[in-house]
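K.L.:
Got a structure for you, structure-v2.txt, holding compact mmCIF, C-alpha atoms (C1' of nucleotides).
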```txt
# COMPACT_ATOMS: atom_id res chain seq x y z
CA MET A 1 -68.76 -39.54 -22.08
CA LYS A 2 -65.85 -41.13 -20.26
CA ILE A 3 -65.65 -41.37 -16.49
CA GLY A 4 -62.38 -41.16 -14.61
CA TYR A 5 -60.64 -40.69 -11.27
CA PRO A 6 -57.35 -39.02 -10.32
CA CYS A 7 -53.93 -40.54 -9.82
CA ILE A 8 -54.47 -43.35 -7.31
CA ASN A 9 -56.25 -46.67 -7.34
CA TRP A 10 -56.87 -48.05 -3.85
CA SER A 11 -58.01 -51.51 -4.99
CA ILE A 12 -54.94 -53.01 -6.62
CA GLY A 13 -52.35 -52.58 -3.87
CA CYS A 14 -49.98 -50.59 -6.02
CA LYS A 15 -49.76 -46.82 -6.46
CA GLY A 16 -47.88 -44.97 -9.16
CA ASP A 17 -46.87 -42.01 -7.05
CA ARG A 18 -44.03 -43.36 -4.91
CA THR A 19 -41.42 -40.73 -4.27
CA PHE A 20 -38.57 -40.05 -1.87
CA ARG A 21 -36.84 -37.21 -0.09
CA LEU A 22 -34.59 -34.75 -1.88
CA LYS A 23 -31.90 -35.57 0.68
CA SER A 24 -31.84 -39.20 -0.38
CA TYR A 25 -31.71 -38.44 -4.09
CA SER A 26 -29.63 -40.74 -6.22
CA GLU A 27 -29.92 -41.94 -9.79
CA GLU A 28 -30.39 -45.50 -8.61
CA LYS A 29 -33.22 -44.48 -6.36
CA LEU A 30 -34.82 -42.45 -9.12
CA ILE A 31 -34.66 -45.34 -11.59
CA GLU A 32 -36.02 -47.80 -9.07
CA THR A 33 -38.88 -45.50 -8.07
CA VAL A 34 -39.83 -44.58 -11.62
CA GLU A 35 -39.76 -48.24 -12.63
CA ASN A 36 -42.20 -48.96 -9.83
CA ASN A 37 -44.38 -45.98 -10.74
CA LEU A 38 -44.59 -46.89 -14.40
CA ASN A 39 -45.39 -50.51 -13.61
CA CYS A 40 -48.13 -49.41 -11.25
CA LEU A 41 -49.47 -46.96 -13.80
CA GLU A 42 -49.70 -49.85 -16.25
CA LYS A 43 -51.61 -51.92 -13.71
CA MET A 44 -54.01 -49.11 -12.90
CA LEU A 45 -54.70 -48.59 -16.60
CA GLU A 46 -55.36 -52.31 -17.03
CA TYR A 47 -57.77 -52.25 -14.11
CA ASN A 48 -59.46 -49.21 -15.60
CA PHE A 49 -59.82 -50.81 -19.00
CA LYS A 50 -61.34 -53.97 -17.53
CA ASN A 51 -63.84 -51.83 -15.65
CA ASN A 52 -64.66 -49.48 -18.49
CA ILE A 53 -63.04 -46.51 -16.74
CA LEU A 54 -61.66 -44.73 -19.78
CA PHE A 55 -60.49 -41.44 -18.29
CA PHE A 56 -57.54 -41.15 -15.91
CA ARG A 57 -55.37 -38.45 -14.37
CA ILE A 58 -51.70 -39.36 -14.16
CA THR A 59 -49.97 -38.20 -10.99
CA SER A 60 -47.41 -35.40 -11.13
CA ASP A 61 -45.22 -37.56 -8.87
CA LEU A 62 -44.64 -40.11 -11.65
CA ILE A 63 -41.02 -38.94 -12.06
CA PRO A 64 -39.88 -37.51 -8.72
CA PHE A 65 -37.77 -34.33 -9.06
CA ALA A 66 -38.11 -34.42 -12.85
CA SER A 67 -38.03 -30.63 -13.08
CA HIS A 68 -35.68 -30.09 -10.13
CA PRO A 69 -32.09 -28.96 -10.82
CA ILE A 70 -30.81 -31.97 -8.89
CA CYS A 71 -32.06 -34.27 -11.61
CA LYS A 72 -29.50 -34.59 -14.40
CA PHE A 73 -30.67 -38.02 -15.41
CA ASP A 74 -32.05 -38.53 -18.92
CA TRP A 75 -35.20 -40.34 -17.76
CA GLN A 76 -36.90 -39.53 -21.05
CA ASP A 77 -34.44 -41.68 -22.94
CA TYR A 78 -34.02 -44.37 -20.28
CA PHE A 79 -37.77 -45.05 -20.03
CA LYS A 80 -38.60 -44.27 -23.67
CA ASP A 81 -39.75 -47.79 -24.55
CA LYS A 82 -41.80 -48.19 -21.41
CA PHE A 83 -43.58 -44.88 -22.03
CA GLN A 84 -44.30 -45.86 -25.62
CA ASP A 85 -45.67 -49.17 -24.47
CA ILE A 86 -48.02 -47.54 -21.98
CA GLY A 87 -49.05 -44.99 -24.60
CA ARG A 88 -49.89 -47.71 -27.09
CA HIS A 89 -52.18 -49.31 -24.54
CA ILE A 90 -53.90 -46.03 -23.79
CA LEU A 91 -54.58 -45.48 -27.49
CA LYS A 92 -55.66 -49.07 -28.04
CA TYR A 93 -58.04 -48.91 -25.08
CA ASN A 94 -59.37 -45.57 -26.40
CA MET A 95 -58.59 -43.89 -23.07
CA ARG A 96 -58.23 -40.21 -22.28
CA ILE A 97 -55.48 -38.86 -20.02
CA SER A 98 -55.09 -35.65 -18.06
CA MET A 99 -52.52 -34.26 -15.64
CA HIS A 100 -52.84 -31.60 -12.96
CA PRO A 101 -49.63 -29.90 -11.73
CA ASP A 102 -49.91 -29.14 -8.04
CA GLN A 103 -50.29 -25.93 -6.09
CA PHE A 104 -46.66 -24.83 -6.45
CA ILE A 105 -47.08 -24.23 -10.15
CA VAL A 106 -48.02 -20.56 -10.53
CA LEU A 107 -47.51 -19.18 -14.00
CA ASN A 108 -48.57 -15.65 -13.00
CA SER A 109 -46.43 -15.42 -9.87
CA LYS A 110 -44.73 -12.11 -9.13
CA SER A 111 -41.57 -14.02 -8.42
CA ARG A 112 -39.52 -14.73 -11.54
CA LYS A 113 -38.04 -17.79 -9.86
CA VAL A 114 -41.46 -19.28 -9.20
CA VAL A 115 -42.49 -18.66 -12.81
CA GLU A 116 -39.33 -20.32 -14.16
CA ARG A 117 -39.79 -23.33 -11.90
CA SER A 118 -43.42 -23.54 -12.96
CA ILE A 119 -42.51 -23.53 -16.64
CA ALA A 120 -39.97 -26.29 -16.03
CA GLU A 121 -42.63 -28.34 -14.29
CA LEU A 122 -45.11 -27.76 -17.12
CA TYR A 123 -42.45 -28.87 -19.55
CA TYR A 124 -41.99 -32.08 -17.57
CA HIS A 125 -45.73 -32.75 -17.70
CA SER A 126 -45.83 -32.29 -21.46
CA GLU A 127 -42.78 -34.53 -21.85
CA VAL A 128 -44.58 -37.37 -20.10
CA LEU A 129 -47.58 -37.08 -22.42
CA ASP A 130 -45.36 -36.67 -25.48
CA LEU A 131 -43.28 -39.75 -24.61
CA MET A 132 -46.49 -41.77 -24.59
CA LYS A 133 -47.24 -40.26 -28.00
CA LEU A 134 -50.65 -39.09 -26.87
CA LYS A 135 -52.50 -36.58 -28.98
CA ASN A 136 -53.16 -33.03 -27.86
CA ASP A 137 -56.51 -34.09 -26.41
CA SER A 138 -54.50 -35.25 -23.38
CA LYS A 139 -54.52 -32.12 -21.28
CA ILE A 140 -52.59 -30.44 -18.50
CA GLN A 141 -55.00 -28.53 -16.29
CA LEU A 142 -53.94 -25.47 -14.34
CA HIS A 143 -55.58 -22.72 -12.32
CA ILE A 144 -54.88 -19.16 -13.40
CA GLY A 145 -52.89 -18.56 -10.22
CA GLY A 146 -52.56 -15.88 -7.55
CA ARG A 147 -54.44 -12.62 -7.22
CA TYR A 148 -51.75 -10.44 -5.60
CA ASP A 149 -54.31 -7.74 -4.78
CA ASP A 150 -54.72 -6.87 -8.47
CA LYS A 151 -56.63 -9.31 -10.58
CA ASN A 152 -56.23 -7.46 -13.88
CA LYS A 153 -52.46 -7.21 -13.58
CA SER A 154 -52.27 -10.83 -12.48
CA ILE A 155 -54.28 -11.98 -15.48
CA SER A 156 -52.02 -9.90 -17.74
CA ARG A 157 -48.99 -11.65 -16.30
CA PHE A 158 -50.61 -15.01 -17.07
CA ILE A 159 -51.20 -13.92 -20.67
CA ASP A 160 -47.61 -12.73 -21.10
CA GLU A 161 -46.17 -15.95 -19.72
CA PHE A 162 -48.57 -18.11 -21.70
CA LYS A 163 -47.59 -16.46 -24.97
CA ARG A 164 -43.94 -17.27 -24.33
CA LEU A 165 -44.52 -20.95 -23.58
CA ASP A 166 -43.23 -23.70 -25.84
CA ASP A 167 -45.89 -24.84 -28.32
CA LYS A 168 -45.88 -28.34 -26.90
CA ILE A 169 -47.04 -26.94 -23.55
CA LYS A 170 -49.48 -24.47 -25.10
CA ASN A 171 -51.17 -27.21 -27.08
CA ARG A 172 -51.95 -29.15 -23.94
CA LEU A 173 -52.64 -26.48 -21.34
CA VAL A 174 -56.19 -25.80 -20.19
CA ILE A 175 -57.39 -23.49 -17.41
CA GLU A 176 -59.70 -24.53 -14.62
CA ASN A 177 -61.96 -22.31 -12.51
CA ASP A 178 -60.99 -22.30 -8.83
CA ASP A 179 -63.18 -21.80 -5.79
CA HIS A 180 -61.98 -18.42 -4.50
CA ILE A 181 -59.98 -16.29 -6.96
CA TYR A 182 -60.70 -16.97 -10.63
CA ASN A 183 -64.19 -18.21 -11.37
CA LEU A 184 -65.66 -19.54 -14.58
CA ASN A 185 -66.35 -16.06 -15.92
CA ASP A 186 -62.69 -15.07 -15.43
CA CYS A 187 -61.59 -18.23 -17.24
CA LEU A 188 -63.95 -17.61 -20.17
CA ILE A 189 -62.74 -14.02 -20.57
CA LEU A 190 -59.12 -15.17 -20.50
CA SER A 191 -59.90 -17.99 -22.91
CA GLU A 192 -61.22 -15.51 -25.42
CA LYS A 193 -57.97 -13.56 -25.27
CA ILE A 194 -55.49 -16.40 -25.66
CA ASP A 195 -57.64 -19.16 -27.16
CA ILE A 196 -57.18 -21.70 -24.37
CA PRO A 197 -59.79 -24.34 -23.45
CA VAL A 198 -61.61 -23.99 -20.13
CA LEU A 199 -61.96 -27.01 -17.90
CA PHE A 200 -65.12 -26.60 -15.85
CA ASP A 201 -65.06 -27.70 -12.22
CA ASN A 202 -68.67 -27.97 -11.04
CA PHE A 203 -67.82 -28.02 -7.34
CA HIS A 204 -65.57 -24.96 -7.46
CA HIS A 205 -68.28 -23.27 -9.50
CA LEU A 206 -70.90 -24.09 -6.90
CA ILE A 207 -68.78 -22.33 -4.27
CA TYR A 208 -67.67 -19.38 -6.39
CA ASN A 209 -69.75 -18.15 -9.34
CA ASN A 210 -71.46 -15.16 -10.92
CA ASN A 211 -74.99 -16.54 -10.74
CA GLU A 212 -74.80 -17.62 -14.36
CA ASP A 213 -77.41 -19.81 -15.97
CA ILE A 214 -75.78 -23.23 -15.77
CA ARG A 215 -76.75 -24.25 -19.30
CA ASN A 216 -75.04 -21.15 -20.66
CA CYS A 217 -71.94 -22.15 -18.73
CA TYR A 218 -71.77 -25.52 -20.45
CA LYS A 219 -72.45 -23.88 -23.80
CA PHE A 220 -69.64 -21.34 -23.41
CA VAL A 221 -67.20 -23.87 -21.99
CA ASN A 222 -67.97 -26.21 -24.86
CA GLU A 223 -67.05 -23.54 -27.38
CA THR A 224 -63.53 -23.15 -25.94
CA TRP A 225 -62.55 -26.72 -26.97
CA ASN A 226 -61.79 -27.34 -30.66
CA ASP A 227 -61.48 -30.63 -32.55
CA GLU A 228 -57.85 -31.13 -31.69
CA ASP A 229 -58.53 -30.53 -28.00
CA GLY A 230 -61.18 -33.26 -27.93
CA ILE A 231 -64.49 -33.01 -26.11
CA PRO A 232 -64.35 -30.88 -22.93
CA MET A 233 -63.10 -32.34 -19.67
CA ILE A 234 -65.03 -31.59 -16.51
CA ASP A 235 -64.03 -32.04 -12.87
CA TYR A 236 -66.93 -33.24 -10.80
CA SER A 237 -67.26 -33.40 -7.03
CA SER A 238 -69.80 -32.77 -4.30
CA GLN A 239 -69.71 -31.49 -0.75
CA LYS A 240 -68.56 -33.86 1.99
CA PRO A 241 -71.54 -33.94 4.37
CA GLY A 242 -70.90 -32.21 7.69
CA SER A 243 -67.50 -30.89 6.63
CA LYS A 244 -66.20 -27.45 5.78
CA ILE A 245 -67.55 -25.96 2.55
CA GLY A 246 -65.31 -27.07 -0.27
CA SER A 247 -64.30 -30.43 1.19
CA HIS A 248 -64.55 -33.17 -1.38
CA ALA A 249 -66.93 -36.03 -0.68
CA GLU A 250 -65.58 -39.41 0.43
CA ASN A 251 -68.10 -41.24 -1.67
CA ILE A 252 -70.07 -40.26 -4.73
CA ASP A 253 -73.49 -38.72 -4.02
CA LEU A 254 -75.50 -40.60 -6.63
CA LEU A 255 -78.47 -38.26 -6.61
CA ASP A 256 -76.26 -35.19 -7.02
CA PHE A 257 -74.33 -36.88 -9.80
CA LYS A 258 -77.47 -37.85 -11.67
CA ASN A 259 -78.77 -34.33 -11.29
CA PHE A 260 -75.50 -32.96 -12.59
CA ILE A 261 -75.53 -35.20 -15.68
CA GLU A 262 -79.11 -34.21 -16.45
CA LYS A 263 -78.25 -30.52 -16.30
CA THR A 264 -75.35 -30.87 -18.74
CA GLU A 265 -77.61 -32.08 -21.56
CA PRO A 266 -77.17 -32.04 -24.50
CA PHE A 267 -73.42 -31.48 -24.20
CA ASN A 268 -70.91 -34.28 -24.10
CA PHE A 269 -67.97 -34.31 -21.67
CA ASP A 270 -65.36 -36.54 -20.13
CA ILE A 271 -65.83 -36.41 -16.39
CA MET A 272 -63.09 -36.61 -13.76
CA LEU A 273 -64.49 -37.54 -10.35
CA GLU A 274 -62.62 -35.77 -7.60
CA ILE A 275 -64.04 -38.06 -4.96
CA LYS A 276 -61.79 -39.47 -2.28
CA ASN A 277 -62.57 -43.13 -2.73
CA LYS A 278 -61.48 -42.86 -6.36
CA GLU A 279 -62.22 -45.94 -8.49
CA LYS A 280 -65.07 -47.09 -6.24
CA SER A 281 -67.06 -43.98 -7.08
CA ALA A 282 -66.07 -44.21 -10.74
CA LEU A 283 -67.58 -47.69 -10.93
CA LYS A 284 -70.83 -46.38 -9.43
CA ALA A 285 -70.96 -43.43 -11.81
CA ILE A 286 -70.49 -45.71 -14.79
CA GLU A 287 -73.37 -47.89 -13.59
CA ILE A 288 -75.63 -44.86 -13.40
CA ILE A 289 -74.87 -43.81 -16.94
CA LYS A 290 -75.15 -47.35 -18.27
CA ASN A 291 -78.54 -47.89 -16.67
CA ASP A 292 -80.20 -44.68 -17.78
CA VAL A 293 -81.48 -44.69 -21.35
CA ARG A 294 -81.48 -40.90 -21.44
CA PHE A 295 -77.69 -40.91 -21.13
CA GLU A 296 -77.14 -43.57 -23.76
CA LYS A 297 -76.68 -41.27 -26.72
CA ARG A 298 -73.97 -39.33 -24.91
CA GLN A 299 -71.70 -42.29 -24.29
C1' DT B 1 -41.40 -52.84 13.97
C1' DC B 2 -43.19 -48.60 15.00
C1' DA B 3 -43.54 -43.59 16.38
C1' DC B 4 -43.24 -39.35 14.79
C1' DG B 5 -40.86 -35.23 12.77
C1' DT B 6 -40.61 -33.69 8.53
C1' DC B 7 -41.06 -33.36 3.56
C1' DA B 8 -39.02 -29.26 -3.35
C1' DA B 9 -42.07 -26.06 -4.45
C1' DG B 10 -47.10 -21.02 -3.44
C1' DC B 11 -50.76 -18.75 -2.21
C1' DA B 12 -54.93 -17.17 0.31
C1' DG B 13 -57.78 -17.11 4.15
C1' DA B 14 -58.72 -18.39 8.85
C1' DT B 15 -57.15 -18.41 13.49
C1' DA C 1 -47.42 -14.89 13.22
C1' DT C 2 -48.81 -19.37 12.35
C1' DC C 3 -51.63 -22.91 10.46
C1' DT C 4 -54.38 -25.24 6.91
C1' DG C 5 -56.03 -26.74 2.43
C1' DC C 6 -55.20 -27.75 -2.13
C1' DT C 7 -55.95 -33.61 -5.65
C1' DT C 8 -53.13 -36.79 -1.38
C1' DG C 9 -49.98 -39.01 3.32
C1' DA C 10 -45.89 -41.17 3.39
C1' DC C 11 -40.60 -41.07 3.89
C1' DG C 12 -37.11 -42.48 6.70
C1' DT C 13 -34.51 -41.77 11.01
C1' DG C 14 -34.03 -43.30 15.52
C1' DA C 15 -35.36 -46.15 19.28
```
Would you kindly transcribe this structure into structure tokens?
P.N.:
Amino acid sequence: MKIGYPCINWSIGCKGDRTFRLKSYSEEKLIETVENNLNCLEKMLEYNFKNNILFFRITSDLIPFASHPICKFDWQDYFKDKFQDIGRHILKYNMRISMHPDQFIVLNSKSRKVVERSIAELYYHSEVLDLMKLKNDSKIQLHIGGRYDDKNKSISRFIDEFKRLDDKIKNRLVIENDDHIYNLNDCLILSEKIDIPVLFDNFHHLIYNNNEDIRNCYKFVNETWNDEDGIPMIDYSSQKPGSKIGSHAENIDLLDFKNFIEKTEPFNFDIMLEIKNKEKSALKAIEIIKNDVRFEKRQ
DNA sequence: TCACGTCAAGCAGAT
DNA sequence: ATCTGCTTGACGTGA
């Protein structure tokens, strides 16, 4: 059971998601920015290793405009050695990596242009993981997409597009339940059809579910991940007190987290904390697991 | 140095 | 119609 946080570390004064405006695009600027981003990524991973945080989500902004037509630069080749170096560290540290393309990536869009752009962006994500030579247990997590007033047709479009994807994307893609269109049940049904792992998001599930027995959920989710995929990844968050339903907490709610871990027994997962203060909450979560003998066997 | 308008990209739901 | 949230502010021009 690895604990992680997404994309940004607030403690080390360096973030790996620096970008710039399309208008100011130049190769020099791209190289300079990516150099910074990769160096910061390295530092964040070092910090994580020292603190036993062995799960991390790499930002989609690592290579700005990587999938945009304006980018003709062969960043894959230029940064090949650096990527390999980072990848070697990840493997040596026994870390797990995920990525999460942002809201513009909609594989089941009704617009062909949006679908093509989405595929290009997914390709970029898989290139990053491939350049680091990470195994297929490093995943790219995506929601199923839009509803467009017809869920069945929209799911069919997802299936059609998925089947046409390059194997290197297919081998890394996992689907995540969202909090208002496609819930866990939808993901499990789709998973059965195209054999794709389901990444369970407990907070989305809390907001949007089918009143399932939670232990059954973990059981079914668990079955969608095979040996090559690694143990299942889970996104964990809790409600920000006093805020709109669905707002992610600033700080980890230790009682809720403990409760959550207890309920997932006996399954083993890697847990991504979608909590705003990032590494601070990860450190607390790791303490909880370390100090509870019941959780020992699942480490 | 700082204020502030704007930023590659989609979609749904609230106002 | 327009705004907001999503995983998250921050780029960069103009004064």
K.L.:
Counting only C-alpha atoms (C1' of nucleotides), what is within 12 Å of DA9 in chain B, bar same-chain residues fewer than 4 positions away, as a list of chain:residue names?
P.N.:
A:Leu22, A:Phe65, A:Ser67, A:His68, A:Pro101, A:Asp102, A:Gln103, A:Phe104, A:Ile105, A:Val106, A:Lys113, A:Val114, A:Val115, A:Glu116, A:Arg117, A:Ser118, A:Ala120, A:Glu121
K.L.:
Find the spatial neighbours of DC3 in chain C, counting only C-alpha atoms (C1' of nucleotides), within a cut-off of 12 Å - ignore same-chain residues fewer than 6 positions away - and output them as a VMD selection string.
P.N.:
chain B and resid 13 to 15
K.L.:
State, in Å with one decimal place, the distance from CA of Phe56 in chain A to C1' of DA10 in chain C.
P.N.:
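We find that CA of Phe56 in chain A and C1' of DA10 in chain C lie 22.5 Å from each other.
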K.L.:
So which residues are close to (-55.2, -35.1, -8.2), meaning at most 8 Å away in the file's coordinates with all atoms listed in the file counted, and can you show them as a list in words?
P.N.:
Pro6, Cys7, Arg57, Thr59, Met99, His100, Asp102 and Glu274 of chain A; DT7 and DT8 of chain C
K.L.:
What are the nearest atom pairs, with distances in Å to one decimal, for all residues of chain B that come at most 10 Å from chain A, using only C-alpha atoms (C1' of nucleotides), set out by chain and rising residue number as a Markdown table?
P.N.:
```
| residue | atom | partner | partner_atom | distance |
| --- | --- | --- | --- | --- |
| B:DC7 | C1' | A:Arg21 | CA | 6.8 |
| B:DA8 | C1' | A:Leu22 | CA | 7.2 |
| B:DA9 | C1' | A:Phe104 | CA | 5.2 |
| B:DG10 | C1' | A:Phe104 | CA | 4.9 |
| B:DC11 | C1' | A:Gly146 | CA | 6.3 |
| B:DA12 | C1' | A:Gly146 | CA | 8.3 |
| B:DG13 | C1' | A:His180 | CA | 9.7 |
```
K.L.:
Between A:Asp130, A:Asp179, A:Glu223, A:Glu46, which is the closest to chain C once you count all atoms listed in the file?
P.N.:
A:Asp179
K.L.:
Mind pulling up the distance from CA of Gly87 in chain A to CA of Lys15 in chain A?
P.N.:
18.2 Å
